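These notes concern the structure reproduced below.
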Amino acid sequence: MAYDYAKNREERPDPVKADIKGNLPSWLQGTLLRNGPGIFSVGDTTYNHWFDGMALMHSFTFKDGEVIYRSRYLRGDTYKDNMAAKRIVVSEMGTMAYPDPSKNVISRVITFLNHTVPDFTDNCGNNFIRYGKDYYATSETNYIRKVDPVTLETQDKVDYMKYLAVNLVTSHPHYDKDGTAYNMGTSIAEKGKTKYTLFKVPDTAAGALKNLEVICTVPCRSLLSPSYYHSFGMTDNYFIFIEQPFKLDILKMATAYMRGVNWASCLKFCPEENTLIHLIDRKTGKEVGIKYYTEAMIVYHHVNAFEEDGHVIFDVIAYEDPSLYNMFYLNVLKEQSKTSAMSVPKCKRFALPVQTDKGIDVGDDMVKLQYTTASAVKEKEGKLLCQPEVLCDGVELPRINYDFNGKKYRFVYMTCVAMSAVATKIMKLDIETKERTEWREENCWPSEPVFIPRPNGEGEDDGVVLTTVINSNPGESGFILVLDAKSFKEVARAYVNAELHMDMHGYFIPMEN
Ligand SMILES: CC1=C(/C=C/C(C)=C/C=C/C(C)=C/C=C/C=C(C)/C=C/C=C(C)/C=C/C2=C(C)C[C@@H](O)CC2(C)C)C(C)(C)CCC1
Ligand SMILES: [Fe+2]
């Protein structure tokens, strides 16, 4: 059975009580928010790409043995403008839209020169971010949308540019134990410079963003082609930023609107170039004195990173080419057999020696760790060529016990990707033993698995894993599945009496006691 990615999905704003099978742990109290694209056509117009779809947010609230489900469209300006016009009028990454389609190229040029290019999208359908006490729906533009985490109602539109010159910001921040959020963005050709900026937002009461502080900036390798990135790594003392040869061509972007092509066509992958790995000291905001590089790759998701014995070890999901993005074009998804062209995502471990390479011979591997085959060979003074260890093949949407973020860790929960845009399995990977434990069920498509720690739990995998499951068994409803994280066995499921849909990422808000 095939999943219809292009179908518009319904919202269910009124809370519905789910039908529970099994035993929900009594400590599991809180709300799992999930975000993803949900509307793909308006009137006669259709987006080109699945990631472009207008956001549909979900929530699953666990309280006193019950599960309450609701879902709501994100009613941002993009949604309102598209709905009012009864067609798509706001451009997204994969779809260039024109408010007045009758315009020819010449009038497009005039529109462009008049600076009346439609404002950038606030269709925040990728993830949720917490800044201070506020929750935001987010994609990667300069706009995020505050949402009420209980009712999922759309609130203020926030422009990062009010606080910081950035055109793009990731939807995957990190958080410290004290609640501070860390994120990074790209500032394109601002005052003649293109750079990446790491910033932090302290955990203050409402409006925390106004206390945003820049930690450091990394100059871009080239002014007119900054790298695309979707996340970054953080340990107690370092940030890890991968400057990959998957780049935005700014000159192409400047003319995309009038040429009638989408932003995505201005992304280029240069396999002949290498990937730079920037290791930045969090205290000084300076890069360490060694240049690390590896061969060309494309990374969207960092898994985790930690420090040990003078090394920084980090794990990512890496691709050999941009086929993941291409696979999610709606016309490609329609013929799902074609999607087998996707390069297999691999979970890779890199090890970066931080100590000086003085006195080390050229050609020597500086990694001195027993448990990984990752290497970092000195090529010349101050320059190391890094080769990763492959931890696991065919996986995406990694989640960990976030209490172990930046620390040595052992377990990753991921979606299994097998030559298709529809995942049929999720798994737990034990990095130490390489053991994989899987969950699957006939005609069921699970989402990104989210780990929730048991309060005062013992050990890294003491908790549950939540995944929402699209159920294509005739007459059966979608459900949220609760797995015991240790055994990866089902402890409960809650049928929501609704058709769930494919989404991207989730954020769990524990209930305050
Ligand atoms: C570029 C640019 C601009 C425009 C920027 C825009 C519109 C940016 C939008 C960015 C967005 C929406 C980014 C979204 C990224 C999403 C990513 C990387 C998603 C990854 C998804 C994965 C790995 C999916 C996995 C899967 C799913 C979902 C289902 C499973 O069943 C199967 C599996 C695992 C394959 C401006 C601001 C106009 C000007 C400046 C430059
Ligand atoms: Fe992501």
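Here, A, B, ... name the chains of the structure tokens in the order displayed, residue numbers run from 1 inside each chain, and ligands are numbered from 1 in the same displayed order.
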Q | Protein and nucleic acid residues within 8 Å of ligand 1 (only C-alpha atoms and all ligand atoms) as a PyMOL selection string | A | chain A and resi 51-52+91-94+120-121+123-126+139-142+167-168+188+230+248+250+253+263-264+300-301+324-325+395-397+415-417+420-424+445-448+502-504
Serialized selection, C-alpha atoms, as a short mmCIF file (atom, residue, chain, number, x, y, z; two decimals), in the first residue's frame:
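File written: part_9.cif
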data_model
loop_
_atom_site.label_atom_id
_atom_site.label_comp_id
_atom_site.auth_asym_id
_atom_site.auth_seq_id
_atom_site.Cartn_x
_atom_site.Cartn_y
_atom_site.Cartn_z
CA PHE A 51 8.51 20.02 2.64
CA ASP A 52 6.66 23.07 1.22
CA SER A 91 6.93 30.95 -2.28
CA GLU A 92 8.51 28.06 -0.44
CA MET A 93 11.89 26.35 -0.85
CA GLY A 94 10.60 24.07 -3.62
CA PHE A 120 9.43 35.42 2.85
CA THR A 121 7.31 32.60 4.16
CA ASN A 123 5.10 28.57 7.03
CA CYS A 124 6.87 26.97 9.96
CA GLY A 125 6.25 23.28 9.35
CA ASN A 126 9.45 21.59 10.38
CA SER A 139 11.23 25.99 9.52
CA GLU A 140 14.46 27.71 8.46
CA THR A 141 13.58 31.22 7.38
CA ASN A 142 13.92 34.36 9.52
CA ASN A 167 18.42 35.07 6.60
CA LEU A 168 18.26 31.43 7.60
CA ILE A 188 24.00 36.48 3.49
CA HIS A 230 20.08 21.83 8.99
CA LEU A 248 23.27 28.17 -1.83
CA ILE A 250 23.35 33.58 -4.08
CA MET A 253 18.93 33.15 -5.91
CA TRP A 263 14.93 28.47 -4.37
CA ALA A 264 15.89 24.80 -4.25
CA TYR A 300 20.91 17.18 7.81
CA HIS A 301 20.84 15.68 11.28
CA LEU A 324 16.91 12.92 -0.15
CA TYR A 325 15.61 16.37 -1.05
CA VAL A 395 18.57 5.36 9.26
CA GLU A 396 17.22 8.88 9.72
CA LEU A 397 15.40 11.16 12.20
CA THR A 415 13.55 5.65 11.73
CA CYS A 416 14.67 2.91 9.33
CA VAL A 417 14.91 4.03 5.70
CA SER A 420 11.53 4.42 0.12
CA ALA A 421 10.04 7.65 1.40
CA VAL A 422 7.83 5.70 3.79
CA ALA A 423 9.39 4.25 6.90
CA THR A 424 7.93 0.94 8.03
CA TRP A 445 4.19 3.68 9.30
CA PRO A 446 5.88 5.05 12.41
CA SER A 447 7.20 8.61 12.81
CA GLU A 448 10.44 9.92 14.29
CA MET A 502 3.38 11.86 7.86
CA ASP A 503 5.25 14.57 9.75
CA MET A 504 8.78 15.71 10.56
#
(Q) DSSP on the backbone, helix (DSSP H, G or I) only: what residues of segment 228-330 of chain A does that give? Format it as an NGL selection string. (A) :A and (250-259 or 263-266 or 323-327 or 330)
Any chance you can output those residues with all heavy atoms as a compact mmCIF listing (two decimals), in the first residue's frame?
# COMPACT_ATOMS: atom_id res chain seq x y z
N ILE A 250 24.05 32.31 -4.32
CA ILE A 250 23.35 33.58 -4.08
C ILE A 250 23.04 34.32 -5.37
O ILE A 250 21.99 34.96 -5.51
CB ILE A 250 24.17 34.47 -3.12
CG1 ILE A 250 24.44 33.74 -1.81
CG2 ILE A 250 23.46 35.79 -2.83
CD1 ILE A 250 23.21 33.24 -1.10
N LEU A 251 23.94 34.24 -6.34
CA LEU A 251 23.68 34.93 -7.60
C LEU A 251 22.47 34.33 -8.30
O LEU A 251 21.61 35.04 -8.82
CB LEU A 251 24.91 34.89 -8.51
CG LEU A 251 26.10 35.70 -8.01
CD1 LEU A 251 27.27 35.60 -8.98
CD2 LEU A 251 25.71 37.16 -7.77
N LYS A 252 22.38 33.01 -8.26
CA LYS A 252 21.21 32.35 -8.84
C LYS A 252 19.95 32.73 -8.07
O LYS A 252 18.89 32.94 -8.65
CB LYS A 252 21.38 30.83 -8.81
CG LYS A 252 22.22 30.28 -9.92
CD LYS A 252 22.06 28.78 -9.96
CE LYS A 252 22.84 28.17 -11.11
NZ LYS A 252 23.01 26.74 -10.93
N MET A 253 20.09 32.81 -6.73
CA MET A 253 18.93 33.15 -5.91
C MET A 253 18.40 34.54 -6.22
O MET A 253 17.20 34.78 -6.21
CB MET A 253 19.29 33.08 -4.43
CG MET A 253 19.42 31.67 -3.97
SD MET A 253 19.46 31.61 -2.20
CE MET A 253 18.34 30.30 -1.91
N ALA A 254 19.34 35.45 -6.48
CA ALA A 254 18.95 36.84 -6.71
C ALA A 254 18.05 36.96 -7.94
O ALA A 254 17.26 37.89 -8.05
CB ALA A 254 20.19 37.70 -6.86
N THR A 255 18.19 36.01 -8.88
CA THR A 255 17.40 36.10 -10.11
C THR A 255 16.33 35.02 -10.20
O THR A 255 15.61 34.94 -11.19
CB THR A 255 18.33 35.99 -11.34
OG1 THR A 255 19.08 34.78 -11.22
CG2 THR A 255 19.28 37.17 -11.43
N ALA A 256 16.22 34.18 -9.17
CA ALA A 256 15.29 33.04 -9.23
C ALA A 256 13.86 33.49 -9.44
O ALA A 256 13.12 32.93 -10.25
CB ALA A 256 15.40 32.21 -7.95
N TYR A 257 13.48 34.55 -8.72
CA TYR A 257 12.10 35.03 -8.80
C TYR A 257 11.73 35.40 -10.22
O TYR A 257 10.71 34.99 -10.75
CB TYR A 257 11.93 36.22 -7.84
CG TYR A 257 10.54 36.79 -7.83
CD1 TYR A 257 9.51 36.14 -7.14
CD2 TYR A 257 10.25 37.98 -8.50
CE1 TYR A 257 8.23 36.65 -7.13
CE2 TYR A 257 8.97 38.50 -8.48
CZ TYR A 257 7.96 37.84 -7.79
OH TYR A 257 6.69 38.35 -7.78
N MET A 258 12.61 36.15 -10.88
CA MET A 258 12.25 36.55 -12.25
C MET A 258 12.44 35.44 -13.26
O MET A 258 11.78 35.40 -14.29
CB MET A 258 12.93 37.83 -12.69
CG MET A 258 14.30 38.05 -12.19
SD MET A 258 14.79 39.71 -12.69
CE MET A 258 16.42 39.77 -12.07
N ARG A 259 13.34 34.51 -12.95
CA ARG A 259 13.52 33.39 -13.89
C ARG A 259 12.41 32.34 -13.72
O ARG A 259 12.32 31.40 -14.50
CB ARG A 259 14.88 32.74 -13.68
CG ARG A 259 16.03 33.60 -14.19
CD ARG A 259 17.37 32.86 -14.12
NE ARG A 259 17.77 32.61 -12.74
CZ ARG A 259 18.04 31.41 -12.26
NH1 ARG A 259 17.93 30.35 -13.01
NH2 ARG A 259 18.41 31.27 -10.99
N TRP A 263 13.67 28.24 -5.11
CA TRP A 263 14.93 28.47 -4.37
C TRP A 263 15.80 27.20 -4.40
O TRP A 263 17.02 27.28 -4.47
CB TRP A 263 14.66 28.83 -2.91
CG TRP A 263 13.83 30.05 -2.65
CD1 TRP A 263 12.67 30.11 -1.94
CD2 TRP A 263 14.08 31.41 -3.06
NE1 TRP A 263 12.19 31.40 -1.90
CE2 TRP A 263 13.04 32.22 -2.57
CE3 TRP A 263 15.11 32.02 -3.80
CZ2 TRP A 263 12.99 33.59 -2.80
CZ3 TRP A 263 15.06 33.38 -4.02
CH2 TRP A 263 14.00 34.16 -3.52
N ALA A 264 15.13 26.05 -4.34
CA ALA A 264 15.89 24.80 -4.25
C ALA A 264 16.79 24.58 -5.47
O ALA A 264 17.85 23.95 -5.36
CB ALA A 264 14.94 23.62 -4.08
N SER A 265 16.38 25.12 -6.62
CA SER A 265 17.21 24.95 -7.82
C SER A 265 18.49 25.77 -7.70
O SER A 265 19.38 25.66 -8.54
CB SER A 265 16.43 25.35 -9.07
OG SER A 265 16.29 26.76 -9.10
N CYS A 266 18.58 26.62 -6.69
CA CYS A 266 19.78 27.42 -6.47
C CYS A 266 20.72 26.77 -5.46
O CYS A 266 21.67 27.37 -4.98
CB CYS A 266 19.41 28.82 -5.99
SG CYS A 266 18.15 29.60 -6.99
N SER A 323 20.05 13.40 -2.98
CA SER A 323 18.86 12.68 -3.45
C SER A 323 17.71 12.69 -2.43
O SER A 323 16.56 12.53 -2.80
CB SER A 323 19.21 11.26 -3.86
OG SER A 323 19.86 10.60 -2.81
N LEU A 324 18.02 12.89 -1.13
CA LEU A 324 16.91 12.92 -0.15
C LEU A 324 15.95 14.04 -0.49
O LEU A 324 14.74 13.84 -0.57
CB LEU A 324 17.41 13.12 1.28
CG LEU A 324 16.24 13.40 2.24
CD1 LEU A 324 15.77 12.14 2.93
CD2 LEU A 324 16.50 14.48 3.24
N TYR A 325 16.49 15.24 -0.73
CA TYR A 325 15.61 16.37 -1.05
C TYR A 325 14.84 16.08 -2.33
O TYR A 325 13.64 16.29 -2.41
CB TYR A 325 16.42 17.68 -1.17
CG TYR A 325 15.51 18.88 -1.33
CD1 TYR A 325 14.93 19.50 -0.23
CD2 TYR A 325 15.18 19.36 -2.60
CE1 TYR A 325 14.05 20.56 -0.37
CE2 TYR A 325 14.31 20.42 -2.76
CZ TYR A 325 13.75 21.02 -1.63
OH TYR A 325 12.87 22.07 -1.78
N ASN A 326 15.52 15.56 -3.32
CA ASN A 326 14.88 15.30 -4.61
C ASN A 326 13.79 14.24 -4.52
O ASN A 326 12.78 14.31 -5.21
CB ASN A 326 15.92 14.90 -5.65
CG ASN A 326 16.90 16.03 -5.90
OD1 ASN A 326 16.56 17.20 -5.67
ND2 ASN A 326 18.12 15.71 -6.30
N MET A 327 13.98 13.29 -3.63
CA MET A 327 12.99 12.23 -3.46
C MET A 327 11.65 12.77 -2.97
O MET A 327 10.61 12.20 -3.23
CB MET A 327 13.53 11.21 -2.46
CG MET A 327 12.57 10.11 -2.12
SD MET A 327 13.31 8.98 -0.97
CE MET A 327 13.18 9.88 0.56
N LEU A 330 6.80 16.10 -4.92
CA LEU A 330 5.53 15.35 -4.91
C LEU A 330 5.35 14.49 -6.16
O LEU A 330 4.79 13.40 -6.08
CB LEU A 330 4.35 16.31 -4.72
CG LEU A 330 4.29 16.95 -3.31
CD1 LEU A 330 3.18 18.01 -3.24
CD2 LEU A 330 4.08 15.91 -2.22
Q: Write out as a ChimeraX atom specification all residues of segment 304-482 of chain A that DSSP puts in strand (DSSP E) for this structure's backbone.
A: /A:304-308,311-319,346-353,375-380,383-387,389-393,395-399,411-416,425-430,436-440,444-446,450-453,463-471,479-482
Q. Which one of A:Tyr136, A:Tyr507, A:Tyr98, A:Phe488 sits closest to ligand 2 if you count only C-alpha atoms and all ligand atoms?
A.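 Of A:Tyr136, A:Tyr507, A:Tyr98, A:Phe488, the one nearest ligand 2, counting only C-alpha atoms and all ligand atoms, is A:Tyr507.
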Q. From the list A:Asp156, A:Asn401, A:Phe232, A:His49, which residue is nearest Asn262 of chain A when using only C-alpha atoms?
A.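 Of A:Asp156, A:Asn401, A:Phe232, A:His49, the one nearest Asn262 of chain A is A:His49, counting only C-alpha atoms.
Each of A:Ala374, A:Val354, A:Val303, A:Leu481 was compared to ligand 2 using only C-alpha atoms and all ligand atoms, and A:Val303 turns out to be the nearest.
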Excluding Ala494 of chain A and its own-chain neighbours fewer than 6 positions away, which residues fall within 7 Å of it when counting only C-alpha atoms? Please give them as an mmCIF file with all heavy atoms, in the first residue's frame.
data_model
loop_
_atom_site.group_PDB
_atom_site.id
_atom_site.type_symbol
_atom_site.label_atom_id
_atom_site.label_comp_id
_atom_site.auth_asym_id
_atom_site.auth_seq_id
_atom_site.Cartn_x
_atom_site.Cartn_y
_atom_site.Cartn_z
ATOM 1 N N ALA A 18 -8.200 9.626 23.465
ATOM 2 C CA ALA A 18 -7.762 8.422 22.754
ATOM 3 C C ALA A 18 -8.161 7.169 23.520
ATOM 4 O O ALA A 18 -8.400 7.202 24.726
ATOM 5 C CB ALA A 18 -6.254 8.480 22.567
ATOM 6 N N ASP A 19 -8.214 6.090 22.771
ATOM 7 C CA ASP A 19 -8.628 4.804 23.317
ATOM 8 C C ASP A 19 -7.367 4.001 23.651
ATOM 9 O O ASP A 19 -6.604 3.618 22.751
ATOM 10 C CB ASP A 19 -9.443 4.137 22.183
ATOM 11 C CG ASP A 19 -10.084 2.870 22.625
ATOM 12 O OD1 ASP A 19 -10.048 2.576 23.832
ATOM 13 O OD2 ASP A 19 -10.599 2.162 21.733
ATOM 14 N N ILE A 20 -7.141 3.792 24.952
ATOM 15 C CA ILE A 20 -5.851 3.236 25.371
ATOM 16 C C ILE A 20 -5.878 1.714 25.495
ATOM 17 O O ILE A 20 -6.809 1.142 26.064
ATOM 18 C CB ILE A 20 -5.420 3.882 26.705
ATOM 19 C CG1 ILE A 20 -5.165 5.370 26.453
ATOM 20 C CG2 ILE A 20 -4.170 3.223 27.271
ATOM 21 C CD1 ILE A 20 -5.085 6.212 27.675
ATOM 22 N N LYS A 21 -4.840 1.075 24.954
ATOM 23 C CA LYS A 21 -4.646 -0.376 25.124
ATOM 24 C C LYS A 21 -3.312 -0.549 25.843
ATOM 25 O O LYS A 21 -2.316 0.033 25.418
ATOM 26 C CB LYS A 21 -4.546 -1.077 23.760
ATOM 27 C CG LYS A 21 -5.774 -0.940 22.866
ATOM 28 C CD LYS A 21 -6.689 -2.136 23.051
ATOM 29 C CE LYS A 21 -8.019 -2.042 22.363
ATOM 30 N NZ LYS A 21 -8.719 -0.755 22.320
ATOM 31 N N VAL A 67 -4.947 10.011 27.262
ATOM 32 C CA VAL A 67 -4.232 10.698 26.188
ATOM 33 C C VAL A 67 -5.243 11.518 25.393
ATOM 34 O O VAL A 67 -6.267 10.999 24.952
ATOM 35 C CB VAL A 67 -3.528 9.700 25.239
ATOM 36 C CG1 VAL A 67 -2.826 10.451 24.097
ATOM 37 C CG2 VAL A 67 -2.521 8.849 25.991
ATOM 38 N N PHE A 479 -2.455 5.667 15.804
ATOM 39 C CA PHE A 479 -2.238 5.608 17.255
ATOM 40 C C PHE A 479 -0.875 6.160 17.629
ATOM 41 O O PHE A 479 0.001 6.300 16.782
ATOM 42 C CB PHE A 479 -2.407 4.174 17.778
ATOM 43 C CG PHE A 479 -1.538 3.132 17.127
ATOM 44 C CD1 PHE A 479 -0.318 2.777 17.675
ATOM 45 C CD2 PHE A 479 -1.959 2.475 15.959
ATOM 46 C CE1 PHE A 479 0.480 1.796 17.089
ATOM 47 C CE2 PHE A 479 -1.173 1.496 15.358
ATOM 48 C CZ PHE A 479 0.052 1.156 15.924
ATOM 49 N N ILE A 480 -0.747 6.478 18.914
ATOM 50 C CA ILE A 480 0.570 6.811 19.435
ATOM 51 C C ILE A 480 1.035 5.603 20.232
ATOM 52 O O ILE A 480 0.272 5.035 21.022
ATOM 53 C CB ILE A 480 0.572 8.137 20.238
ATOM 54 C CG1 ILE A 480 1.987 8.436 20.717
ATOM 55 C CG2 ILE A 480 -0.414 8.141 21.391
ATOM 56 C CD1 ILE A 480 2.214 9.898 21.048
ATOM 57 N N LEU A 481 2.245 5.198 19.952
ATOM 58 C CA LEU A 481 2.777 3.968 20.532
ATOM 59 C C LEU A 481 3.763 4.329 21.633
ATOM 60 O O LEU A 481 4.579 5.232 21.470
ATOM 61 C CB LEU A 481 3.482 3.187 19.420
ATOM 62 C CG LEU A 481 4.146 1.873 19.779
ATOM 63 C CD1 LEU A 481 3.087 0.815 20.095
ATOM 64 C CD2 LEU A 481 5.020 1.410 18.617
#
Q: May I have the residues within 8 Å of Ile277 of chain A as a ChimeraX atom specification, using only C-alpha atoms and disregarding those fewer than 4 positions away in the same chain?
A: /A:240-243,291-294
Keeping only C-alpha atoms, write the selected residues to a file as a short mmCIF file (atom, residue, chain, number, x, y, z; two decimals), in the first residue's frame.
data_model
loop_
_atom_site.label_atom_id
_atom_site.label_comp_id
_atom_site.auth_asym_id
_atom_site.auth_seq_id
_atom_site.Cartn_x
_atom_site.Cartn_y
_atom_site.Cartn_z
CA ILE A 240 30.57 21.44 15.81
CA PHE A 241 29.59 23.06 12.54
CA ILE A 242 29.87 21.17 9.27
CA GLU A 243 30.51 23.46 6.30
CA LYS A 291 41.69 22.46 10.30
CA TYR A 292 39.59 19.31 10.05
CA TYR A 293 38.16 18.13 6.80
CA THR A 294 36.58 15.09 5.22
#
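Closest to ligand 2 among A:Lys489, A:His172, A:Lys210, A:Lys425 is A:His172, based on only C-alpha atoms and all ligand atoms.
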Q: Write out as a list in words each polymer residue whose atoms come within 10 Å of Ser487 of chain A, counting only C-alpha atoms; drop sequence neighbours fewer than 5 positions from it.
A: Lys428, Thr437, Glu438, Asp461, Asp462 and Val464 of chain A
Selection: 7 Å around Phe314 of chain A, only C-alpha atoms, excl. self and same-chain fewer than 5 positions, as an mmCIF file with N, CA and C atoms, in the first residue's frame:
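Everything below was put into around_39.cif:
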data_model
loop_
_atom_site.group_PDB
_atom_site.id
_atom_site.type_symbol
_atom_site.label_atom_id
_atom_site.label_comp_id
_atom_site.auth_asym_id
_atom_site.auth_seq_id
_atom_site.Cartn_x
_atom_site.Cartn_y
_atom_site.Cartn_z
ATOM 1 N N ASN A 304 24.566 13.244 18.079
ATOM 2 C CA ASN A 304 25.081 13.693 19.366
ATOM 3 C C ASN A 304 26.583 13.911 19.215
ATOM 4 N N ALA A 305 27.180 14.491 20.242
ATOM 5 C CA ALA A 305 28.625 14.736 20.234
ATOM 6 C C ALA A 305 29.101 14.719 21.675
ATOM 7 N N PHE A 306 30.354 14.357 21.904
ATOM 8 C CA PHE A 306 30.886 14.383 23.272
ATOM 9 C C PHE A 306 32.412 14.474 23.220
ATOM 10 N N ARG A 349 30.325 8.142 12.577
ATOM 11 C CA ARG A 349 31.014 8.724 13.739
ATOM 12 C C ARG A 349 32.340 9.327 13.307
ATOM 13 N N PHE A 350 32.561 10.576 13.677
ATOM 14 C CA PHE A 350 33.835 11.239 13.432
ATOM 15 C C PHE A 350 34.532 11.485 14.765
ATOM 16 N N ALA A 351 35.868 11.446 14.759
ATOM 17 C CA ALA A 351 36.634 11.752 15.970
ATOM 18 C C ALA A 351 37.652 12.832 15.636
#
Q: Counting only C-alpha atoms and all ligand atoms, figure out which residue out of A:Arg145, A:His311, A:His302, A:His58 gets nearest to ligand 2.
A: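 When distances to ligand 2 are compared using only C-alpha atoms and all ligand atoms, the smallest one comes from A:His302.
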(Q) Residues near Leu369 of chain A, anyone? I mean within 12 Å using only C-alpha atoms, not counting same-chain ones fewer than 6 positions away, as a list of chain:residue names. (A) A:Glu307, A:Glu308, A:Asp309, A:Gly310, A:His311, A:Val312, A:Ile313, A:Phe350, A:Ala351, A:Leu352, A:Pro353, A:Ser375, A:Ala376
Q. Which residue out of A:Gly463, A:Pro149, A:Gly43, A:Gly457 has the minimum interatomic distance to Thr61 of chain A when only C-alpha atoms are used?
A.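 For Thr61 of chain A, the nearest of the candidates is A:Pro149.
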Q: Provide the atom CA of Gly285 of chain A to atom CA of Lys195 of chain A distance in Å, to one decimal place.
A: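 Result for atom CA of Gly285 of chain A versus atom CA of Lys195 of chain A: 14.2 Å, one decimal.
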(Q) Between atom CA of Lys146 of chain A and atom CA of Val158 of chain A, what is the distance in Å, rounded to a tenth? (A)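 Here the two named atoms are 7.3 Å from each other.
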